[in-house]
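Dropping input-v1.txt in here (compact mmCIF, C-alpha atoms and all ligand atoms):
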# COMPACT_ATOMS: atom_id res chain seq x y z
CA MET A 1 53.09 -32.03 11.56
CA THR A 2 52.94 -35.79 12.12
CA LYS A 3 56.03 -37.79 11.20
CA SER A 4 54.35 -39.72 8.45
CA ALA A 5 52.34 -37.05 6.63
CA VAL A 6 51.18 -38.13 3.17
CA LEU A 7 50.29 -35.30 0.81
CA ILE A 8 49.21 -35.52 -2.81
CA LEU A 9 49.53 -32.70 -5.35
CA LEU A 10 47.07 -32.95 -8.23
CA GLY A 11 47.07 -30.74 -11.30
CA PRO A 12 47.79 -30.70 -15.03
CA PRO A 13 51.30 -30.37 -16.49
CA GLY A 14 52.49 -26.83 -15.77
CA ALA A 15 50.32 -26.33 -12.68
CA GLY A 16 53.47 -26.04 -10.56
CA LYS A 17 53.40 -29.40 -8.77
CA GLY A 18 57.17 -29.87 -8.91
CA THR A 19 58.01 -26.31 -7.88
CA GLN A 20 55.53 -26.33 -5.02
CA ALA A 21 56.53 -29.83 -3.87
CA ARG A 22 60.14 -28.67 -3.58
CA MET A 23 59.07 -25.66 -1.52
CA LEU A 24 56.95 -27.84 0.78
CA GLU A 25 59.85 -30.25 1.09
CA GLU A 26 62.08 -27.46 2.39
CA LYS A 27 59.47 -25.87 4.60
CA PHE A 28 58.17 -29.02 6.30
CA GLY A 29 61.10 -31.45 6.02
CA LEU A 30 59.10 -33.84 3.86
CA VAL A 31 60.36 -35.91 0.95
CA GLN A 32 59.20 -35.02 -2.57
CA LEU A 33 58.36 -38.13 -4.51
CA SER A 34 57.86 -37.53 -8.23
CA THR A 35 57.02 -40.57 -10.36
CA GLY A 36 57.99 -38.47 -13.42
CA ASP A 37 61.50 -37.97 -11.94
CA LEU A 38 61.75 -41.66 -11.03
CA LEU A 39 60.71 -42.64 -14.56
CA ARG A 40 63.16 -40.17 -16.17
CA ALA A 41 65.92 -41.66 -13.99
CA ALA A 42 64.90 -45.17 -15.14
CA VAL A 43 64.99 -44.01 -18.78
CA ALA A 44 68.44 -42.45 -18.28
CA ALA A 45 69.72 -45.61 -16.56
CA GLY A 46 68.31 -47.79 -19.35
CA THR A 47 66.51 -50.15 -16.95
CA GLU A 48 63.79 -52.50 -18.22
CA ALA A 49 61.10 -50.15 -16.85
CA GLY A 50 62.87 -47.17 -18.42
CA LEU A 51 63.05 -48.81 -21.82
CA ALA A 52 59.33 -49.64 -21.68
CA ALA A 53 58.40 -46.11 -20.50
CA LYS A 54 60.51 -43.96 -22.85
CA ALA A 55 58.31 -43.84 -25.97
CA VAL A 56 55.11 -43.54 -23.92
CA MET A 57 56.50 -40.52 -22.05
CA GLU A 58 57.72 -38.88 -25.25
CA ALA A 59 54.20 -39.24 -26.67
CA GLY A 60 52.74 -37.53 -23.58
CA GLN A 61 50.75 -40.59 -22.56
CA LEU A 62 50.61 -42.39 -19.23
CA VAL A 63 53.05 -45.17 -18.42
CA SER A 64 51.34 -48.42 -17.34
CA ASP A 65 50.05 -48.65 -13.78
CA GLU A 66 52.14 -51.79 -13.31
CA ILE A 67 55.46 -50.04 -14.04
CA VAL A 68 54.59 -46.91 -12.08
CA LEU A 69 53.38 -48.83 -9.04
CA ALA A 70 56.53 -50.96 -9.01
CA ILE A 71 58.86 -47.93 -8.99
CA LEU A 72 56.71 -46.13 -6.43
CA LYS A 73 56.72 -49.11 -4.05
CA ASP A 74 60.51 -49.38 -4.31
CA ARG A 75 60.89 -45.69 -3.54
CA LEU A 76 58.46 -45.79 -0.61
CA ALA A 77 60.47 -48.65 0.87
CA GLU A 78 63.48 -46.33 1.30
CA PRO A 79 63.90 -45.14 4.91
CA ASP A 80 63.89 -41.36 4.22
CA THR A 81 60.19 -41.53 3.29
CA ALA A 82 59.40 -42.10 6.99
CA LYS A 83 59.71 -38.30 7.35
CA GLY A 84 56.51 -38.00 5.32
CA VAL A 85 56.01 -37.59 1.59
CA ILE A 86 54.63 -35.19 -0.98
CA LEU A 87 53.48 -37.19 -3.97
CA ASP A 88 54.00 -35.15 -7.11
CA GLY A 89 52.48 -36.65 -10.25
CA PHE A 90 51.14 -39.74 -8.51
CA PRO A 91 48.49 -41.11 -8.46
CA ARG A 92 47.36 -40.39 -12.01
CA THR A 93 44.70 -43.09 -12.44
CA GLU A 94 42.00 -44.59 -10.24
CA VAL A 95 43.92 -47.90 -10.22
CA GLN A 96 46.97 -46.07 -8.83
CA ALA A 97 44.84 -44.23 -6.25
CA ALA A 98 43.29 -47.47 -5.00
CA ALA A 99 46.71 -49.17 -4.88
CA LEU A 100 48.09 -46.24 -2.86
CA ASP A 101 45.21 -46.49 -0.37
CA ASP A 102 45.96 -50.22 0.09
CA LEU A 103 49.68 -49.62 0.45
CA LEU A 104 49.17 -46.93 3.09
CA ALA A 105 46.50 -48.94 4.93
CA ALA A 106 48.94 -51.86 5.18
CA GLN A 107 51.37 -49.49 6.96
CA GLY A 108 48.64 -48.14 9.24
CA SER A 109 48.82 -44.81 7.42
CA ALA A 110 46.49 -42.75 5.20
CA ILE A 111 46.41 -39.66 3.02
CA ASP A 112 46.38 -36.41 5.00
CA ALA A 113 45.56 -34.11 2.10
CA ALA A 114 45.07 -34.25 -1.66
CA ILE A 115 45.55 -30.73 -2.99
CA SER A 116 44.28 -29.80 -6.43
CA LEU A 117 46.29 -26.97 -8.04
CA GLU A 118 43.63 -25.14 -10.01
CA VAL A 119 44.81 -23.51 -13.25
CA ASP A 120 43.56 -22.45 -16.70
CA ASP A 121 44.54 -25.00 -19.34
CA ALA A 122 45.15 -22.23 -21.85
CA ALA A 123 48.11 -20.90 -19.85
CA MET A 124 49.74 -24.30 -19.37
CA VAL A 125 51.34 -24.63 -22.82
CA GLU A 126 53.39 -21.44 -22.31
CA ARG A 127 54.28 -22.46 -18.76
CA VAL A 128 55.49 -25.91 -19.79
CA ALA A 129 57.21 -24.98 -23.03
CA GLY A 130 59.33 -22.30 -21.28
CA ARG A 131 60.55 -24.28 -18.32
CA TYR A 132 63.94 -25.75 -17.54
CA THR A 133 65.81 -27.00 -14.49
CA CYS A 134 69.27 -26.91 -12.99
CA GLY A 135 71.09 -30.02 -14.17
CA ASN A 136 72.76 -30.39 -10.77
CA CYS A 137 70.19 -29.64 -8.05
CA GLY A 138 66.93 -29.71 -10.02
CA GLU A 139 65.83 -26.14 -9.15
CA GLY A 140 63.13 -25.07 -11.61
CA TYR A 141 63.31 -21.98 -13.86
CA HIS A 142 61.26 -20.47 -16.66
CA ASP A 143 62.13 -18.37 -19.72
CA SER A 144 59.45 -15.78 -18.87
CA PHE A 145 58.55 -16.22 -15.21
CA LYS A 146 61.63 -17.19 -13.24
CA GLN A 147 65.16 -16.65 -14.55
CA PRO A 148 68.22 -17.15 -12.27
CA ALA A 149 69.35 -13.91 -10.56
CA VAL A 150 72.68 -14.17 -12.43
CA ALA A 151 72.08 -15.30 -16.02
CA GLY A 152 73.23 -18.88 -16.59
CA VAL A 153 74.02 -19.60 -12.92
CA CYS A 154 71.70 -21.59 -10.64
CA ASP A 155 70.50 -19.52 -7.64
CA LYS A 156 70.52 -22.57 -5.39
CA CYS A 157 73.78 -24.38 -6.14
CA GLY A 158 75.81 -22.21 -8.55
CA SER A 159 75.83 -24.80 -11.33
CA THR A 160 75.94 -23.55 -14.92
CA GLU A 161 74.37 -26.71 -16.37
CA PHE A 162 70.67 -26.54 -17.18
CA LYS A 163 68.35 -29.00 -18.89
CA ARG A 164 64.97 -29.14 -20.58
CA ARG A 165 62.69 -32.18 -20.59
CA ALA A 166 62.16 -34.00 -23.89
CA ASP A 167 58.37 -33.88 -23.37
CA ASP A 168 58.18 -30.15 -22.53
CA ASN A 169 57.23 -28.97 -26.01
CA ALA A 170 54.00 -27.50 -27.35
CA GLU A 171 52.94 -30.68 -29.24
CA THR A 172 53.41 -33.09 -26.34
CA VAL A 173 51.80 -30.76 -23.81
CA GLY A 174 48.49 -31.11 -25.68
CA ALA A 175 48.58 -34.90 -25.28
CA ARG A 176 49.60 -34.58 -21.62
CA LEU A 177 46.71 -32.21 -20.90
CA GLU A 178 44.31 -34.65 -22.57
CA ALA A 179 45.67 -37.55 -20.51
CA TYR A 180 45.26 -35.42 -17.38
CA HIS A 181 41.61 -34.61 -18.05
CA ALA A 182 40.67 -38.12 -19.15
CA GLN A 183 42.53 -40.17 -16.56
CA THR A 184 43.67 -38.00 -13.64
CA ALA A 185 41.08 -35.24 -13.12
CA PRO A 186 38.48 -37.83 -11.93
CA LEU A 187 40.70 -38.30 -8.85
CA ILE A 188 39.59 -34.86 -7.66
CA SER A 189 36.12 -36.26 -6.91
CA TYR A 190 37.68 -39.49 -5.62
CA TYR A 191 39.51 -37.55 -2.89
CA GLU A 192 36.61 -35.17 -2.36
CA GLY A 193 34.53 -38.27 -1.54
CA LYS A 194 37.12 -39.28 1.04
CA GLY A 195 36.98 -35.83 2.67
CA VAL A 196 40.69 -35.05 2.11
CA LEU A 197 40.50 -32.72 -0.90
CA SER A 198 41.53 -29.05 -0.89
CA ARG A 199 41.67 -26.73 -3.88
CA VAL A 200 44.29 -24.01 -4.27
CA ASP A 201 44.25 -21.31 -6.95
CA ALA A 202 47.60 -21.90 -8.67
CA MET A 203 47.42 -19.18 -11.35
CA GLY A 204 49.09 -16.56 -9.15
CA GLU A 205 52.62 -15.74 -8.14
CA ILE A 206 54.72 -18.73 -6.95
CA ASN A 207 55.21 -17.49 -3.35
CA ARG A 208 51.53 -16.63 -2.93
CA VAL A 209 50.53 -20.13 -4.10
CA ALA A 210 53.18 -21.59 -1.74
CA GLY A 211 51.66 -19.66 1.18
CA ASP A 212 48.15 -20.94 0.41
CA LEU A 213 49.47 -24.50 0.10
CA ALA A 214 51.40 -24.29 3.35
CA ALA A 215 48.23 -23.19 5.14
CA VAL A 216 46.38 -26.25 3.80
CA VAL A 217 49.24 -28.54 4.85
CA VAL A 218 49.38 -27.12 8.38
CA LYS A 219 45.62 -27.53 8.77
CA ALA A 220 45.65 -31.09 7.42
CA THR A 221 48.56 -32.32 9.51
CA THR A 222 48.14 -30.71 12.94
P1 LIG B 301 55.66 -35.58 -14.89
O1 LIG B 301 57.11 -35.34 -14.62
O2 LIG B 301 54.87 -35.85 -13.62
O3 LIG B 301 55.04 -34.53 -15.76
O4 LIG B 301 55.59 -36.94 -15.72
C1 LIG B 301 56.20 -37.05 -17.00
C2 LIG B 301 55.65 -38.27 -17.72
O5 LIG B 301 55.97 -39.45 -16.97
C3 LIG B 301 54.14 -38.30 -17.88
O6 LIG B 301 53.70 -37.57 -19.03
C4 LIG B 301 53.89 -39.80 -18.01
O7 LIG B 301 54.25 -40.27 -19.29
C5 LIG B 301 54.89 -40.37 -17.01
N1 LIG B 301 54.32 -40.48 -15.64
C6 LIG B 301 54.72 -39.81 -14.51
N2 LIG B 301 54.01 -40.18 -13.44
C7 LIG B 301 53.11 -41.09 -13.89
C8 LIG B 301 52.08 -41.83 -13.26
N3 LIG B 301 51.81 -41.68 -11.96
N4 LIG B 301 51.35 -42.68 -14.03
C9 LIG B 301 51.62 -42.84 -15.34
N5 LIG B 301 52.57 -42.17 -16.01
C10 LIG B 301 53.32 -41.29 -15.29
Output the structure of this file as structure tokens.
Ligand code: AMP
Amino acid sequence: MTKSAVLILLGPPGAGKGTQARMLEEKFGLVQLSTGDLLRAAVAAGTEAGLAAKAVMEAGQLVSDEIVLAILKDRLAEPDTAKGVILDGFPRTEVQAAALDDLLAAQGSAIDAAISLEVDDAAMVERVAGRYTCGNCGEGYHDSFKQPAVAGVCDKCGSTEFKRRADDNAETVGARLEAYHAQTAPLISYYEGKGVLSRVDAMGEINRVAGDLAAVVVKATT
């Protein structure tokens, strides 16, 4: 693996981008960079960007490219990203994809792999509506698919605080899926055209999907 690997995970809400990005982070020593997490932190901190983004996120629509690109650039400027990054939830529009290409080119870097997590839309509402995370370490869980080994206690860090996202409800998921198909799915052909696209069947068991993804990452970065 090169020191500055740049990986992109594409897929609709519920495809498992966050879960898989965290697993890749551990396995390969990369840094997960989720624009959704950065935006939620901005909302919680009440920054100008957060105030502008809050209602848009609650409606399941995309935050403006300007805001997203500004927070992404700030995050990429932090030194830990030199280990290599897994972009989770970014880019989501062609404007963002082009801006990312320019940003990387200016650093003499480029995308190693854009991986599309392939899922059935119909299953995504149940996946998203049932999910929650540890309030301390961010480990992901699900009402039906992945409960902690000891009820109410995080497997990873032992915390008993859990949280659910405000936009993880059946109504908002519909809008988020629509936004994905209208604005983000075209990026699959964008990256196919650049010769960096791989597709992974993400309907199966979490560890099987992780194995398939790891194989793609190894191939793309060695
Ligand atoms: P996520 O955590 O990736 O599901 O993102 C949650 C919400 O944050 C999305 O529904 C959007 O409102 C917003 N968001 C996250 N990343 C982006 C992005 N790259 N471009 C625009 N909006 C984004």
Requested in this report: Identify which of the residues A:Ala179, A:Val85, A:Ala5, A:Val43 lies closest to Glu25 in chain A, counting all atoms listed in the file when measuring atom-to-atom distances.
Outcome: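 Ranking A:Ala179, A:Val85, A:Ala5, A:Val43 by distance to Glu25 in chain A, first place goes to A:Val85.
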Requested in this report: Name the residues, by chain letter and number, that sit within 7 Å of ligand LIG 301 (chain B) using only C-alpha atoms and all ligand atoms, and give them as a list in words.
Outcome: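 Final answer, ordered by chain and number: Pro13, Ser34, Thr35, Gly36, Asp37, Leu39, Val56, Met57, Gly60, Gln61, Leu62, Val63, Ser64, Asp65, Val68, Asp88, Gly89, Phe90, Pro91, Arg92, Thr93 and Arg176 of chain A.
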Report task. Name the residues in contact with Leu100 in chain A at a cut-off of 10 Å, using all atoms listed in the file, excluding same-chain residues fewer than 2 positions from it; report them as a list in words. Result ->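 Everything that qualifies: Leu69, Leu72, Lys73, Phe90, Pro91, Glu94, Val95, Gln96, Ala97, Ala98, Asp102, Leu103, Leu104, Ala105, Ala106, Ala110 and Ile111 of chain A.
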Query - Straight-line distance linking CA of Met203 in chain A with CA of Arg164 in chain A, stated in Å to one decimal - result: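 Straight-line distance from CA of Met203 in chain A to CA of Arg164 in chain A works out to 22.2 Å.
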I need every residue sitting at most 12 Å from the point (59.1, -23.1, -6.0) (coordinates as in the file, all atoms listed in the file considered), written as a JSON list (two decimals) with C-alpha atoms, in the frame of the given file.
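Once everything was written out, this is out_34.json:
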[["chain", "number", "residue", "atom", "x", "y", "z"],
["A", 15, "ALA", "CA", 50.32, -26.33, -12.68],
["A", 16, "GLY", "CA", 53.47, -26.04, -10.56],
["A", 17, "LYS", "CA", 53.40, -29.40, -8.77],
["A", 18, "GLY", "CA", 57.17, -29.87, -8.91],
["A", 19, "THR", "CA", 58.01, -26.31, -7.88],
["A", 20, "GLN", "CA", 55.53, -26.33, -5.02],
["A", 21, "ALA", "CA", 56.53, -29.83, -3.87],
["A", 22, "ARG", "CA", 60.14, -28.67, -3.58],
["A", 23, "MET", "CA", 59.07, -25.66, -1.52],
["A", 24, "LEU", "CA", 56.95, -27.84, 0.78],
["A", 25, "GLU", "CA", 59.85, -30.25, 1.09],
["A", 26, "GLU", "CA", 62.08, -27.46, 2.39],
["A", 27, "LYS", "CA", 59.47, -25.87, 4.60],
["A", 133, "THR", "CA", 65.81, -27.00, -14.49],
["A", 138, "GLY", "CA", 66.93, -29.71, -10.02],
["A", 139, "GLU", "CA", 65.83, -26.14, -9.15],
["A", 140, "GLY", "CA", 63.13, -25.07, -11.61],
["A", 141, "TYR", "CA", 63.31, -21.98, -13.86],
["A", 142, "HIS", "CA", 61.26, -20.47, -16.66],
["A", 145, "PHE", "CA", 58.55, -16.22, -15.21],
["A", 146, "LYS", "CA", 61.63, -17.19, -13.24],
["A", 156, "LYS", "CA", 70.52, -22.57, -5.39],
["A", 202, "ALA", "CA", 47.60, -21.90, -8.67],
["A", 205, "GLU", "CA", 52.62, -15.74, -8.14],
["A", 206, "ILE", "CA", 54.72, -18.73, -6.95],
["A", 207, "ASN", "CA", 55.21, -17.49, -3.35],
["A", 208, "ARG", "CA", 51.53, -16.63, -2.93],
["A", 209, "VAL", "CA", 50.53, -20.13, -4.10],
["A", 210, "ALA", "CA", 53.18, -21.59, -1.74],
["A", 211, "GLY", "CA", 51.66, -19.66, 1.18],
["A", 213, "LEU", "CA", 49.47, -24.50, 0.10]]
Query - Selected residue of minimal separation from Ala175 in chain A among A:Arg127, A:Ala59, A:Leu76, A:Val31, counting only C-alpha atoms - result: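 Closest to Ala175 in chain A, using only C-alpha atoms: A:Ala59.
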Query raised in the report: What does the distance from CA of Ser189 in chain A to CA of Ile115 in chain A come to in Å, to one decimal?
Result: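 CA of Ser189 in chain A sits 11.6 Å away from CA of Ile115 in chain A.
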Query raised in the report: How many Å lie between CA of Leu33 in chain A and CA of Thr81 in chain A, rounded to one decimal?
Result: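 Between these atoms lies a distance of 8.7 Å.
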Query raised in the report: Which of these, A:Asp143, A:Gln32, A:Asp101, A:Asp121, has the shortest distance to Tyr190 in chain A once you count only C-alpha atoms?
Result: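 Among the listed residues, A:Asp101 lies closest to Tyr190 in chain A.
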Query raised in the report: Restricting the calculation to all atoms listed in the file, which member of A:Cys134, A:Ala220, A:Leu117, A:Ala52 is positioned closest to Ala185 in chain A?
Result: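 Looking only at the distances to Ala185 in chain A, the closest residue turns out to be A:Leu117.
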Requested in this report: Rank A:Ala45, A:Leu51, A:Val128, A:Ala82 by their smallest atom-to-atom distance to Leu30 in chain A, using all atoms listed in the file, and report the top residue only.
Outcome: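 The shortest atom-to-atom distance to Leu30 in chain A comes from A:Ala82.
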Query - Nearest to Ser198 in chain A, chosen from A:Gln107, A:Thr172, A:Ser144, A:Ser116, with all atoms listed in the file counted in the distances - result: A:Ser116
